[in-house]
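Trainee: Next up is a structure, given as structure tokens.
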Amino acid sequence: MLHLKDVSLDYKIPLRVTALVIVTASVLASVLVYRSTEDLRQNLIASATRVGGLVADTLIEPILHDDVWRAFEVVNLPFRSPSLQATDQSAEYLLVLDRNNQIYVSNRPDLFPMMQHPAISDPALASYLTLHPQKWPEDLQVIDSPASNALFLLVPIKSDGIRIGTLIMNYSKTPFSARLRSLARDAILITLLVLTALLPLGVYWGRRMAEPLLQLSDAMNRIGPHLPEPEEIKLEESRDEIGMLAKSFKAMLGELKEKEQLQQQVITSDRLAALGRLAAGVAHEINNPLGGMLNAVSTFKRHGEQDPLTLKTLSILERGLLQIKETVAALLVEAKAQTRPFDLNDVADICTLVQPDTEKKHIDFTHEVDILEAQPISSTLVRQVIINLLLNAFQATQPHGHVRLRIFRDSEHLFIDVINDGSHIPQDKVSYLFEPFTSLREEGNGLGLWVIYQIVQQLGGLITVQSEPDHTQFTVQLPLDKTHEQTIATHPLPD
Amino acid sequence: MADLLRAMLCLFLLLALPAQAVEKQPPAPVRIGLTPVFLDDQAKFVNAWRAYLENRMQRPVIFVQRGSYREVVDMLREGKLDFAWLCGYPYVRNMEYFRLLAVPLYKGEPLYQSYIIVSTADKQTRSISDLRGKIFAFSDPDSNSGHLYPEYLLAKKGETSATYFTKTFYTWSHRKVVEAVASGLAQGGAVDGYVWDTLVFTHPELTGKTRIVAESPQFGHPPFVSNRAVSQQLFLDMQNALINMVHDPEGAPMLAILNLDGFVYGEPGLFDGIAEMSDFIEKRRDAAPKRR
């Protein structure tokens with residue numbers, strides 16, 4: 001069972017607007033029709049009363065003088081006037097009763113012959129004429145019985161306060177109800193016309209009203225495990241309540257998004273930090289016995305004559321141990337002690353160092369360096385970061401590709417961008433990108449980015465990656481040592 | 001120059017002429033009484049006829065219309081009118097005061113009839129004998145055709161209208177008798193035959209609803225009469241004006257409207273039939289036992 005409250009606003013608001021329009025139009029139309037008919041009835045009664053009073057007054061003398069013909073002419077008068085006949089307000093018949101309720105004269109002698117009881121001709125009159133005429137109300141009476149199809153006016157004809165007769169005017173309600181029908185028909189027609197004009201407008205307004213709400217509801221429905229991108233959310237901008245709501249919703253979505261990113265970063269850096277601690281611990285545990293083992297092998301090789309097989313075995317052992325040492329050393333990145341500050345010479349060195357790689361793959365390598373003087377940051381570490389990033393970029397770039405290096409700073413940070421147009425990093429790999437042994441290539445050991453991350457972490461900086469097809473950008477943000485900067489500024493280091 | 005002078009002189013004379021006429025004492029207007037026989041509701045025609053008579057008699061004419069014969073008769077007797085177009089009945093009763101001026105010619109004779117009419121819806125009635133107990137319309141108490149004749153018919157039966165009919169009323173005009181019978185207000189009525197015949201042409205919708213059940217013998221047509229005090233000159237002027245209408249290119253169309261063939265001198269003996277009926281009723285009335 002479908003309840004109205006369950007129906008979509010998209011239909012509900014236009015439906016309600018439609019209902020409202022129809023109810024309003026109907027109520028207005030009925031009120032107008034009622035008013036008009038009531039006015040019509042009042043007009044009829046007023047005009048009948050006027051005519052009746054006039055006719056009754058005029059009849060006094062003919063009745064007193066028993067002048068039938070004049071009385072006949074008087075009751076015919078309202079019918080002779082063409083202006084009265086044209087309207088639907090003329091009486092069906094006029095009847096003059098004498099003191100004994102016999103017909104004295106009527107305008108329709110064929111229907112109401114003189115000196116008869118009127119009820120013989122019109123039984124509808126019988127009920128009104130049961131009372132003796134002298135006991136009738138003194139004043140004019142309007143008898144509008146819903147059962148009867150006629151409206152009666154009973155006007156006393158009085159001479160010197162004595163009732164000498166009664167004028168009965170009969171008005172048929174047929175033209176009246178015909179008028180009512182035509183009025184009602186007009187009203188319905190006009191209402192329909194108004195409705196045809198208003199309904200589409202109402203539906204349109206209703207939809208206009210519902211649309212932002214529907215958009216909002218749609219947008220809210222899209223918030224699931226993954227937050228939608230702000231561009232995916234279409235909300236109308238306006239200053240009304242719904243517009244404010246949309247604005248708040250957008251703001252909330254932005255904050256949620258930010259929070260989600262932050263959370264993601266925290267998780268990633270926590271994981272990387274834990275990994276770092278684990279790696280460092282393992283490296284230490286390995287390094288101690290490893291040092292001993294290497295010493296033992298070295299001592300053993302120096303002292304005493306060994307047969308060639310033993311020597312070969314020892315060499316294999318030693319190479320293996322050295323490989324372990326290298327790997328462990330790579331895992332255990334330790335920011336070296338303070339070295340000289342990073343300057344333009346370092347950049348030139350880096351360019352020289354990577355030249356063979358660029359030439360080998362015919363890579364278009366450009367660099368924009370926006371620093372002039374020495375920066376208060378360790379040149380060794382920065383060089384290592386840049387070289388590692390560049391080498392990665394060269395690896396990712398196709399032959400004849402482009403790699404760009406940008407180095408610039410603001411008041412507190414040094415920024416390094418490395419941009420290439422090679423194959424991009426899939427989204428699902430980005431989260432694990434900086435973990436050790438996560439290699440995008442077959443031949444790499446997956447420690448390059450780990451080392452970079454460790455260095456950046458130890459320098460208190462940030463590294464981010466944005467990767468889209470044909471555009472992969474690593475951005476490193478490193479804090480500059482203010483105290484050191486001042487030293488540099490006052491005592492520039494010798495080149 | 002001479003032409004201009006002559007023209008100015010002519011203009012002067014033309015302007016002077018009416019001034020001279022005004023100085024002369026204008027003749028007293030002729031006052032003619034009209035009964036509501038037929039012309040009551042033809043103001044336009046009455047006006048044209050008045051203008052015609054003024055033109056022929058070279059003096060102003062006033063038509064005086066009244067609601068009943070009695071008023072016109074009284075005014076004529078009192079000298080308030082010079083002439084009147086009356087019915088034969090008031091004429092025979094006031095012969096000593098009135099002079100017969102002219103009698104209309106209807107269908108070539110100075111005669112007319114009275115008709116007893118009923119509604120066409122009434123198929124049974126053959127004569128006034130079938131109208132006992134009905135409602136009957138007279139035109140005017142002083143009308144011959146509209147009252148005296150039916151009264152005479154009843155008198156010959158030994159009846160009077162007051163007892164013979166349930167109710168009677170006067171419409172004060174012949175035409176309205178036809179209306180009363182046509183509408184059903186009255187079941188029978190007495191009407192001037194000349195009026196009924198004329199209404200056949202002018203108002204067939206009225207006469208079409210009525211049927212003649214009895215026709216009276218011929219009587220003298222309602223005549224023009226004069227007050228005996230009227231000067232012989234005026235009497236002759238008026239008489240000539242009426243009698244010459246038939247030969248006048250303007251008068252003839254008016255006679256056509258009146259549905260008359262002209263006016264003739266007429267003899268008082270023409271109205272003897274009416275006088276006889278009147279006498280008969282008078283005698284019967286006198287002979288009847290007095291009611292207490």
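Ligands are numbered from 1 in the order shown, chains are lettered A, B, ... in the order of the structure tokens, and residues start at 1 in each chain.
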Got a sec: who's within 12 Å of Tyr432 of chain A, counting only C-alpha atoms, leaving out chain neighbours fewer than 5 positions off, as a count of residues only?

Mentor: 20

Trainee: May I have the residues of chain B within 9 Å of chain A, counting only C-alpha atoms, written as an MDAnalysis selection string?

Mentor: chainID B and resid 135 137 168:172 176 180 183:186

Trainee: Could you give me, as a list in words, the residues within 12 Å of Lys44 of chain B, counting only C-alpha atoms and dropping anything in the same chain fewer than 5 positions from it?

Mentor: Leu39, Trp49, Arg50, Ala51, Met254 and Ile257 of chain B

Trainee: Write out as a list in words each polymer residue whose atoms come within 8 Å of Gln454 of chain A, counting only C-alpha atoms; drop sequence neighbours fewer than 4 positions from it.

Mentor: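 Close residues of Gln454 of chain A: Gly276, Val333, Trp450 and Gln458 of chain A.
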
Trainee: Restricting the output to N, CA and C atoms, write the selected residues as a compact mmCIF listing (two decimals), in the first residue's frame.

Mentor:
```
# COMPACT_ATOMS: atom_id res chain seq x y z
N GLY A 276 59.07 1.82 9.85
CA GLY A 276 60.41 2.39 10.06
C GLY A 276 61.04 1.86 11.33
N VAL A 333 67.66 4.10 7.20
CA VAL A 333 68.09 5.41 6.72
C VAL A 333 68.29 6.30 7.93
N TRP A 450 61.08 4.42 -0.28
CA TRP A 450 61.16 4.22 1.18
C TRP A 450 62.24 5.10 1.76
N GLN A 458 62.49 12.35 8.48
CA GLN A 458 63.49 12.75 9.47
C GLN A 458 63.78 14.23 9.40
```

Trainee: Would you please extract all strand (DSSP E) residues from segment 24-115 of chain B, as assigned by DSSP on the backbone, and give them as a count of residues only?

Mentor: 25

Trainee: Can you work out the spacing between atom CA of Pro223 of chain B and atom CA of Glu179 of chain B in Å, to one decimal?

Mentor: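 Value for the atom CA of Pro223 of chain B-atom CA of Glu179 of chain B distance: 24.7 Å.
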
Trainee: Using only C-alpha atoms, determine which residues lie at most 8 Å from segment 363-378 of chain A, disregarding the query and same-chain residues fewer than 2 positions distant; provide the list as a VMD selection string.

Mentor: chain A and resid 338 to 344 358 to 361 380 to 382 394 397 to 409 480 to 482 484 to 485 488 492

Trainee: Take the residues from that selection and write them out as a compact mmCIF listing (two decimals), in the first residue's frame, keeping N, CA, C and O atoms.

Mentor:
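Okay, part_14.txt is ready:
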```txt
# COMPACT_ATOMS: atom_id res chain seq x y z
N GLN A 338 74.88 17.12 10.57
CA GLN A 338 74.84 18.38 9.82
C GLN A 338 75.93 18.45 8.78
O GLN A 338 77.10 18.23 9.07
N THR A 339 75.47 18.70 7.54
CA THR A 339 76.47 18.93 6.49
C THR A 339 76.31 20.34 6.01
O THR A 339 75.54 21.11 6.59
N ARG A 340 76.89 20.67 4.89
CA ARG A 340 76.79 22.05 4.38
C ARG A 340 75.39 22.30 3.79
O ARG A 340 74.68 21.35 3.43
N PRO A 341 75.03 23.59 3.70
CA PRO A 341 73.69 23.89 3.18
C PRO A 341 73.58 23.59 1.69
O PRO A 341 74.59 23.52 0.98
N PHE A 342 72.32 23.41 1.28
CA PHE A 342 72.00 23.10 -0.12
C PHE A 342 72.06 24.38 -0.94
O PHE A 342 71.48 25.39 -0.56
N ASP A 343 72.79 24.35 -2.07
CA ASP A 343 72.84 25.56 -2.90
C ASP A 343 72.80 25.20 -4.38
O ASP A 343 72.60 24.05 -4.74
N LEU A 344 73.00 26.21 -5.22
CA LEU A 344 72.86 26.02 -6.66
C LEU A 344 73.90 25.04 -7.21
O LEU A 344 73.64 24.36 -8.21
N THR A 358 69.52 10.53 -18.81
CA THR A 358 68.63 11.25 -19.74
C THR A 358 69.07 10.99 -21.16
O THR A 358 68.20 10.81 -22.04
N GLU A 359 70.34 10.95 -21.36
CA GLU A 359 70.83 10.75 -22.73
C GLU A 359 70.48 9.38 -23.23
O GLU A 359 70.10 9.19 -24.39
N LYS A 360 70.56 8.40 -22.30
CA LYS A 360 70.30 7.03 -22.70
C LYS A 360 68.86 6.88 -23.25
O LYS A 360 68.63 6.21 -24.24
N LYS A 361 67.90 7.57 -22.59
CA LYS A 361 66.50 7.40 -23.03
C LYS A 361 65.99 8.60 -23.83
O LYS A 361 64.78 8.67 -24.12
N THR A 380 73.34 17.02 1.51
CA THR A 380 73.48 15.61 1.23
C THR A 380 72.11 14.95 1.10
O THR A 380 71.82 14.24 0.15
N LEU A 381 71.26 15.22 2.11
CA LEU A 381 69.95 14.57 2.13
C LEU A 381 69.09 15.07 0.97
O LEU A 381 68.43 14.29 0.29
N VAL A 382 69.12 16.38 0.75
CA VAL A 382 68.29 16.95 -0.32
C VAL A 382 68.74 16.38 -1.66
O VAL A 382 67.93 16.00 -2.50
N PHE A 394 62.85 9.01 -14.37
CA PHE A 394 63.43 8.55 -15.64
C PHE A 394 63.00 7.13 -15.94
O PHE A 394 62.72 6.78 -17.07
N THR A 397 59.45 7.15 -17.22
CA THR A 397 59.19 7.87 -18.47
C THR A 397 59.59 7.03 -19.67
O THR A 397 60.58 6.32 -19.64
N GLN A 398 58.76 7.13 -20.70
CA GLN A 398 59.06 6.46 -21.97
C GLN A 398 60.21 7.20 -22.64
O GLN A 398 60.45 8.37 -22.34
N PRO A 399 60.94 6.56 -23.55
CA PRO A 399 61.97 7.27 -24.32
C PRO A 399 61.35 8.49 -24.99
O PRO A 399 60.19 8.43 -25.44
N HIS A 400 62.13 9.57 -25.04
CA HIS A 400 61.70 10.85 -25.59
C HIS A 400 60.61 11.49 -24.74
O HIS A 400 59.92 12.39 -25.21
N GLY A 401 60.46 11.05 -23.51
CA GLY A 401 59.46 11.66 -22.61
C GLY A 401 60.00 12.94 -21.99
O GLY A 401 61.08 13.41 -22.33
N HIS A 402 59.19 13.49 -21.08
CA HIS A 402 59.59 14.75 -20.45
C HIS A 402 59.64 14.57 -18.94
O HIS A 402 58.76 13.96 -18.36
N VAL A 403 60.67 15.15 -18.33
CA VAL A 403 60.78 15.17 -16.87
C VAL A 403 61.13 16.59 -16.48
O VAL A 403 61.95 17.25 -17.14
N ARG A 404 60.47 17.06 -15.41
CA ARG A 404 60.69 18.45 -15.02
C ARG A 404 61.01 18.49 -13.54
O ARG A 404 60.36 17.81 -12.74
N LEU A 405 61.98 19.31 -13.21
CA LEU A 405 62.34 19.49 -11.80
C LEU A 405 62.13 20.95 -11.46
O LEU A 405 62.56 21.84 -12.20
N ARG A 406 61.40 21.16 -10.33
CA ARG A 406 61.22 22.55 -9.90
C ARG A 406 61.66 22.65 -8.45
O ARG A 406 61.24 21.83 -7.62
N ILE A 407 62.46 23.66 -8.18
CA ILE A 407 62.87 23.90 -6.80
C ILE A 407 62.56 25.35 -6.49
O ILE A 407 62.96 26.25 -7.23
N PHE A 408 61.76 25.52 -5.43
CA PHE A 408 61.43 26.89 -5.02
C PHE A 408 61.13 26.89 -3.53
O PHE A 408 61.07 25.83 -2.90
N ARG A 409 60.92 28.08 -3.00
CA ARG A 409 60.68 28.12 -1.57
C ARG A 409 59.71 29.24 -1.22
O ARG A 409 59.50 30.19 -1.99
N LEU A 480 62.58 24.70 6.57
CA LEU A 480 63.95 25.27 6.60
C LEU A 480 64.30 25.61 8.03
O LEU A 480 63.43 26.04 8.80
N ASP A 481 65.52 25.42 8.33
CA ASP A 481 65.99 25.70 9.71
C ASP A 481 66.24 27.18 9.85
O ASP A 481 67.20 27.73 9.29
N LYS A 482 65.33 27.88 10.60
CA LYS A 482 65.41 29.34 10.68
C LYS A 482 66.71 29.81 11.32
O LYS A 482 67.36 30.72 10.81
N HIS A 484 69.48 28.39 11.58
CA HIS A 484 70.60 28.13 10.69
C HIS A 484 70.63 29.13 9.54
O HIS A 484 71.66 29.61 9.13
N GLU A 485 69.41 29.50 9.08
CA GLU A 485 69.33 30.43 7.96
C GLU A 485 70.00 31.75 8.31
O GLU A 485 70.71 32.33 7.49
N ILE A 488 73.55 31.52 8.03
CA ILE A 488 74.00 31.55 6.64
C ILE A 488 73.99 32.97 6.13
O ILE A 488 74.91 33.42 5.46
N PRO A 492 77.95 33.68 5.11
CA PRO A 492 77.76 32.75 4.00
C PRO A 492 78.89 31.71 3.95
O PRO A 492 80.08 32.05 4.15
```

Trainee: Residues within 9 Å of Pro469 of chain A, please, as an NGL selection string. Count only C-alpha atoms; anything in the same chain fewer than 4 positions from it doesn't count.

Mentor: :A and (421-425)

Trainee: Would you save the residues of that selection, restricted to all heavy atoms, as an mmCIF file, in the first residue's frame?

Mentor:
```cif
data_model
loop_
_atom_site.group_PDB
_atom_site.id
_atom_site.type_symbol
_atom_site.label_atom_id
_atom_site.label_comp_id
_atom_site.auth_asym_id
_atom_site.auth_seq_id
_atom_site.Cartn_x
_atom_site.Cartn_y
_atom_site.Cartn_z
ATOM 1 N N ASP A 421 55.842 12.588 -17.475
ATOM 2 C CA ASP A 421 54.649 12.262 -18.259
ATOM 3 C C ASP A 421 54.621 10.785 -18.606
ATOM 4 O O ASP A 421 54.049 10.388 -19.610
ATOM 5 C CB ASP A 421 54.557 13.133 -19.518
ATOM 6 C CG ASP A 421 55.753 12.942 -20.430
ATOM 7 O OD1 ASP A 421 56.688 12.211 -20.034
ATOM 8 O OD2 ASP A 421 55.741 13.518 -21.531
ATOM 9 N N GLY A 422 55.237 9.997 -17.768
ATOM 10 C CA GLY A 422 55.262 8.565 -18.035
ATOM 11 C C GLY A 422 54.026 7.854 -17.545
ATOM 12 O O GLY A 422 53.020 8.496 -17.249
ATOM 13 N N SER A 423 54.128 6.528 -17.426
ATOM 14 C CA SER A 423 52.979 5.727 -16.983
ATOM 15 C C SER A 423 52.617 6.136 -15.562
ATOM 16 O O SER A 423 53.476 6.339 -14.724
ATOM 17 C CB SER A 423 53.309 4.242 -17.054
ATOM 18 O OG SER A 423 54.539 4.019 -16.389
ATOM 19 N N HIS A 424 51.320 6.225 -15.320
ATOM 20 C CA HIS A 424 50.924 6.785 -14.026
ATOM 21 C C HIS A 424 50.740 5.685 -12.988
ATOM 22 O O HIS A 424 50.698 4.490 -13.314
ATOM 23 C CB HIS A 424 49.681 7.653 -14.174
ATOM 24 C CG HIS A 424 48.394 6.911 -14.084
ATOM 25 N ND1 HIS A 424 47.971 6.063 -15.065
ATOM 26 C CD2 HIS A 424 47.446 6.901 -13.104
ATOM 27 C CE1 HIS A 424 46.812 5.543 -14.704
ATOM 28 N NE2 HIS A 424 46.471 6.035 -13.517
ATOM 29 N N ILE A 425 50.663 6.111 -11.736
ATOM 30 C CA ILE A 425 50.588 5.152 -10.630
ATOM 31 C C ILE A 425 49.124 4.878 -10.339
ATOM 32 O O ILE A 425 48.357 5.828 -10.072
ATOM 33 C CB ILE A 425 51.273 5.722 -9.377
ATOM 34 C CG1 ILE A 425 52.683 6.160 -9.743
ATOM 35 C CG2 ILE A 425 51.282 4.714 -8.250
ATOM 36 C CD1 ILE A 425 53.287 7.124 -8.748
#
```

Trainee: Within 7 Å of segment 268-274 of chain B, counting only C-alpha atoms, which residues show up once you throw out same-chain ones fewer than 3 positions away? Write them as a ChimeraX atom specification, please.

Mentor: /B:88-89,92,100,219-220,277-278

Trainee: How would you write, as a list of chain:residue names, the set of residues in segment 29-91 of chain B that DSSP gives as alpha helix (DSSP H)?

Mentor: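 Assigned to alpha helix (DSSP H), within segment 29-91 of chain B: B:Ala43, B:Lys44, B:Phe45, B:Val46, B:Asn47, B:Ala48, B:Trp49, B:Arg50, B:Ala51, B:Tyr52, B:Leu53, B:Glu54, B:Asn55, B:Arg56, B:Met57, B:Tyr69, B:Arg70, B:Glu71, B:Val72, B:Val73, B:Asp74, B:Met75, B:Leu76, B:Arg77, B:Gly88, B:Tyr89, B:Pro90, B:Tyr91.
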